[in-house]
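Written below as C-alpha cells is the structure these notes are about.
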Amino acid sequence: MRFSRTATRLLVLPVVCALGLIAASPAQAAVQRTDRFSITERHFDFGDEDLGNISGDPKADGRLEWDLVNGAWAPRLLGRIFINNASGECVRVQMVVTYQNGVVVPYTDNVSDFCAPNGRTWYNDVDFTPVSSAYIANVVVKLQSAPAGGWAFSTEGASVPYPAPWLLP
C-alpha cells in the first residue's frame with residue numbers, strides 16, 4: 001500500500017506544478033498605438049535600420065509602442081541608437097515620463113548605452129520598457145551623449161511629448 005501512495009504522489013506532483021506555472025504566466029500586452037519618430041543630431045541618432053549614405057540619418061523611424069497590460073500603460077521604446085564619426089563618445093536613451101499628477105520621472109536605459117571605439121559608425125539596438133502605470137500622461141524620449149570615461153551625460157536631442165493613448169479622442 002505504501003508504494004502505490006508514493007507512486008500516486010509522484011504522478012500528481014508534476015501535474016500540479018504544470019497547472020501552477022500556467023496560472024502564474026504573465027498577462028499578455030496589447031499594443032494600443034505606435035508612435036514613430038527619429039532623433040537626428042550631429043554624430044548621434046535614434047531611429048531604426050541603418051544610416052543613409054548621403055544624409056547620415058536613420059533610414060527608418062524608431063517606435064514608441066503603447067502596450068496595455070492589466071489596465072496599465074507600458075510605453076516600450078524600440079529602435080537603434082547610432083554614433084557616427086565620434087570616436088570616444090558614448091550614447092544612451094532616456095525616457096522621461098510625466099504622470100497625471102504632474103510628477104516627472106526620468107528612466108535611463110543603461111542596457112543599450114555604449115561607446116564608440118573609433119570614428120566609424122556604430123549602433124546598438126534598443127528595447128526599453130521602464131515602467132507600467134495607469135497614470136501616465138505623456139512620454140518624451142531623450143538622446144544623450146558623454147565622453148568615454150566621463151559619464152556626465154548631456155541631452156543631444158529629444159522627441160516631442162507623446163500623450164498616453166487614453167488622452168486622445
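Each chain in the C-alpha cells gets a letter, A, B, ..., in the order shown, and its residues are numbered from 1; ligands are numbered from 1 in order too.
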Could you list, with a cut-off of 8 Å and counting only C-alpha atoms, the residues of segment 127-163 of chain A near segment 109-118 of chain A, each shown with its nearest atom pair and the distance in Å rounded to one decimal, rows sorted by chain and ascending number, as a tab-separated table?
```
residue	atom	partner	partner_atom	distance
A:Phe128	CA	A:Asp109	CA	6.6
A:Pro130	CA	A:Asp109	CA	7.9
A:Ala148	CA	A:Cys115	CA	6.4
```
Please write the residues from the selection above to a file, keeping C-alpha atoms, as a compact mmCIF listing (two decimals), in the first residue's frame.
```txt
# COMPACT_ATOMS: atom_id res chain seq x y z
CA PHE A 128 13.24 49.53 -23.33
CA PRO A 130 10.98 51.02 -17.88
CA ALA A 148 34.01 57.95 -22.75
```
Inset, instruction - Output as JSON, numbers by chain all residues of segment 17-104 of chain A that backbone DSSP marks as strand (DSSP E or B). - result: {"A": [30, 31, 32, 33, 34, 35, 36, 37, 39, 40, 41, 44, 45, 46, 47, 48, 49, 50, 51, 58, 59, 60, 62, 63, 64, 65, 66, 67, 68, 69, 72, 73, 74, 75, 76, 77, 78, 79, 80, 81, 82, 83, 84, 89, 90, 91, 92, 93, 94, 95, 96, 97, 98, 99, 104]}
Can I get the residues of segment 85-143 of chain A within 10 Å of segment 44-47 of chain A, each with the closest pair of atoms and their distance in Å to one decimal, using only C-alpha atoms, sorted chain first then ascending number, as a Markdown table?
```
| residue | atom | partner | partner_atom | distance |
| --- | --- | --- | --- | --- |
| A:Asn85 | CA | A:Phe44 | CA | 9.1 |
| A:Ala86 | CA | A:Phe44 | CA | 8.4 |
| A:Glu89 | CA | A:Phe44 | CA | 9.4 |
| A:Cys90 | CA | A:Phe44 | CA | 9.3 |
| A:Val91 | CA | A:Phe44 | CA | 7.4 |
| A:Arg92 | CA | A:Phe46 | CA | 9.5 |
| A:Val93 | CA | A:Phe46 | CA | 8.4 |
| A:Thr121 | CA | A:Phe44 | CA | 9.8 |
| A:Trp122 | CA | A:Phe44 | CA | 9.8 |
| A:Tyr123 | CA | A:Asp45 | CA | 9.2 |
| A:Asn124 | CA | A:Phe46 | CA | 9.9 |
| A:Asp125 | CA | A:Gly47 | CA | 9.7 |
| A:Val126 | CA | A:Phe46 | CA | 9.3 |
| A:Val141 | CA | A:Phe46 | CA | 9.7 |
| A:Lys142 | CA | A:Phe46 | CA | 9.3 |
| A:Leu143 | CA | A:Phe46 | CA | 7.1 |
```
Based on the selection just made, write N, CA and C atoms of those residues as a PDB file, in the first residue's frame.
```
ATOM      1  N   ASN A  85      31.027  58.907 -36.648  1.00  0.00           N
ATOM      2  CA  ASN A  85      32.196  59.792 -36.712  1.00  0.00           C
ATOM      3  C   ASN A  85      32.459  60.509 -35.392  1.00  0.00           C
ATOM      4  N   ALA A  86      32.358  59.821 -34.284  1.00  0.00           N
ATOM      5  CA  ALA A  86      32.605  60.442 -32.977  1.00  0.00           C
ATOM      6  C   ALA A  86      33.366  59.449 -32.095  1.00  0.00           C
ATOM      7  N   GLU A  89      33.125  58.672 -27.896  1.00  0.00           N
ATOM      8  CA  GLU A  89      31.875  59.221 -27.366  1.00  0.00           C
ATOM      9  C   GLU A  89      30.934  58.076 -26.988  1.00  0.00           C
ATOM     10  N   CYS A  90      30.069  58.333 -26.032  1.00  0.00           N
ATOM     11  CA  CYS A  90      29.088  57.352 -25.580  1.00  0.00           C
ATOM     12  C   CYS A  90      27.692  57.907 -25.805  1.00  0.00           C
ATOM     13  N   VAL A  91      26.719  57.006 -25.938  1.00  0.00           N
ATOM     14  CA  VAL A  91      25.347  57.435 -26.195  1.00  0.00           C
ATOM     15  C   VAL A  91      24.378  56.519 -25.448  1.00  0.00           C
ATOM     16  N   ARG A  92      23.224  57.073 -25.084  1.00  0.00           N
ATOM     17  CA  ARG A  92      22.165  56.306 -24.424  1.00  0.00           C
ATOM     18  C   ARG A  92      20.839  57.006 -24.675  1.00  0.00           C
ATOM     19  N   VAL A  93      19.736  56.323 -24.343  1.00  0.00           N
ATOM     20  CA  VAL A  93      18.418  56.944 -24.407  1.00  0.00           C
ATOM     21  C   VAL A  93      17.836  57.040 -22.999  1.00  0.00           C
ATOM     22  N   THR A 121      31.000  54.252 -37.896  1.00  0.00           N
ATOM     23  CA  THR A 121      29.594  54.242 -37.496  1.00  0.00           C
ATOM     24  C   THR A 121      29.326  53.023 -36.636  1.00  0.00           C
ATOM     25  N   TRP A 122      28.708  53.254 -35.471  1.00  0.00           N
ATOM     26  CA  TRP A 122      28.384  52.191 -34.524  1.00  0.00           C
ATOM     27  C   TRP A 122      26.927  52.315 -34.140  1.00  0.00           C
ATOM     28  N   TYR A 123      26.305  51.175 -33.804  1.00  0.00           N
ATOM     29  CA  TYR A 123      24.918  51.220 -33.349  1.00  0.00           C
ATOM     30  C   TYR A 123      24.673  50.137 -32.312  1.00  0.00           C
ATOM     31  N   ASN A 124      23.578  50.311 -31.590  1.00  0.00           N
ATOM     32  CA  ASN A 124      23.133  49.302 -30.640  1.00  0.00           C
ATOM     33  C   ASN A 124      21.613  49.305 -30.640  1.00  0.00           C
ATOM     34  N   ASP A 125      21.013  48.132 -30.507  1.00  0.00           N
ATOM     35  CA  ASP A 125      19.559  48.022 -30.507  1.00  0.00           C
ATOM     36  C   ASP A 125      18.975  48.442 -29.166  1.00  0.00           C
ATOM     37  N   VAL A 126      17.775  49.025 -29.229  1.00  0.00           N
ATOM     38  CA  VAL A 126      17.062  49.480 -28.040  1.00  0.00           C
ATOM     39  C   VAL A 126      15.741  48.723 -27.944  1.00  0.00           C
ATOM     40  N   VAL A 141      11.223  61.120 -25.220  1.00  0.00           N
ATOM     41  CA  VAL A 141      12.432  60.314 -25.347  1.00  0.00           C
ATOM     42  C   VAL A 141      13.601  61.251 -25.615  1.00  0.00           C
ATOM     43  N   LYS A 142      14.677  61.100 -24.822  1.00  0.00           N
ATOM     44  CA  LYS A 142      15.873  61.925 -24.977  1.00  0.00           C
ATOM     45  C   LYS A 142      17.039  61.059 -25.444  1.00  0.00           C
ATOM     46  N   LEU A 143      17.847  61.626 -26.333  1.00  0.00           N
ATOM     47  CA  LEU A 143      19.087  61.011 -26.792  1.00  0.00           C
ATOM     48  C   LEU A 143      20.219  61.757 -26.101  1.00  0.00           C
TER      49      LEU A 143
END
```
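Note that atom CA of Ala146 of chain A and atom CA of Phe37 of chain A are 22.7 Å apart.
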Inset, instruction - Pick out the residues sitting within 9 Å of Pro165 of chain A, and hand them over as an NGL selection string; count only C-alpha atoms, and ignore anything fewer than 5 positions along from it in its own chain. - result: :A and (32-33 or 66 or 73 or 137)
Legend entry - Close residues, Val105 of chain A itself excluded, 7 Å, only C-alpha atoms, min 6 positions apart in chain, as a PyMOL selection string: chain A and resi 96-98
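With only C-alpha atoms as the atoms that count, the minimum distance from Ser132 of chain A to the choices A:Val69, A:Arg36, A:Arg80, A:Asn101 is reached by A:Val69.
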Determine, counting only C-alpha atoms, which protein, DNA and RNA residues have an atom within 9 Å of an atom of Ala134 of chain A; residues of the same chain fewer than 4 positions away are not included. Present the result as a short mmCIF file (atom, residue, chain, number, x, y, z; two decimals) with all heavy atoms, in the first residue's frame.
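Once everything was written out, this is part_6.cif:
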```cif
data_model
loop_
_atom_site.label_atom_id
_atom_site.label_comp_id
_atom_site.auth_asym_id
_atom_site.auth_seq_id
_atom_site.Cartn_x
_atom_site.Cartn_y
_atom_site.Cartn_z
N LEU A 68 -0.90 47.93 -23.41
CA LEU A 68 -1.86 47.93 -22.31
C LEU A 68 -1.79 46.57 -21.62
O LEU A 68 -2.09 45.55 -22.23
CB LEU A 68 -3.28 48.21 -22.82
CG LEU A 68 -4.35 48.43 -21.76
CD1 LEU A 68 -4.01 49.61 -20.87
CD2 LEU A 68 -5.70 48.65 -22.43
N GLY A 71 -4.66 46.86 -17.52
CA GLY A 71 -5.19 48.19 -17.25
C GLY A 71 -4.13 49.26 -17.04
O GLY A 71 -4.45 50.39 -16.70
N ALA A 72 -2.86 48.95 -17.24
CA ALA A 72 -1.78 49.92 -17.06
C ALA A 72 -1.04 50.12 -18.38
O ALA A 72 -0.85 49.18 -19.14
CB ALA A 72 -0.82 49.45 -15.98
N TRP A 73 -0.61 51.36 -18.64
CA TRP A 73 0.15 51.66 -19.84
C TRP A 73 1.62 51.32 -19.60
O TRP A 73 2.19 51.67 -18.58
CB TRP A 73 0.03 53.14 -20.21
CG TRP A 73 -1.36 53.50 -20.62
CD1 TRP A 73 -2.25 54.28 -19.94
CD2 TRP A 73 -2.04 53.05 -21.78
NE1 TRP A 73 -3.43 54.34 -20.61
CE2 TRP A 73 -3.33 53.60 -21.76
CE3 TRP A 73 -1.69 52.24 -22.85
CZ2 TRP A 73 -4.27 53.38 -22.75
CZ3 TRP A 73 -2.63 52.01 -23.85
CH2 TRP A 73 -3.89 52.58 -23.80
N ALA A 74 2.22 50.65 -20.59
CA ALA A 74 3.64 50.30 -20.54
C ALA A 74 4.29 50.80 -21.83
O ALA A 74 4.28 50.10 -22.84
CB ALA A 74 3.83 48.80 -20.39
#
```
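Using only C-alpha atoms, the nearest neighbour of Pro75 of chain A within the list A:Tyr99, A:Val160, A:Arg120, A:Thr34 is A:Thr34.
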Inset, instruction - Would you mind reading off the distance between atom CA of Tyr107 of chain A and atom CA of Pro163 of chain A, one decimal, in Å? - result: 16.7 Å
Inset, instruction - Find the residue from A:Ser159, A:Arg42, A:Ser87, A:Gly149 that sits nearest to Gly62 of chain A; use only C-alpha atoms when measuring. - result: A:Ser159
Legend entry - Nearby residues (only C-alpha atoms) at most 8 Å from Asp35 of chain A, same-chain spacing under 5 positions excluded, as number ranges by chain: A: 63-65, 162
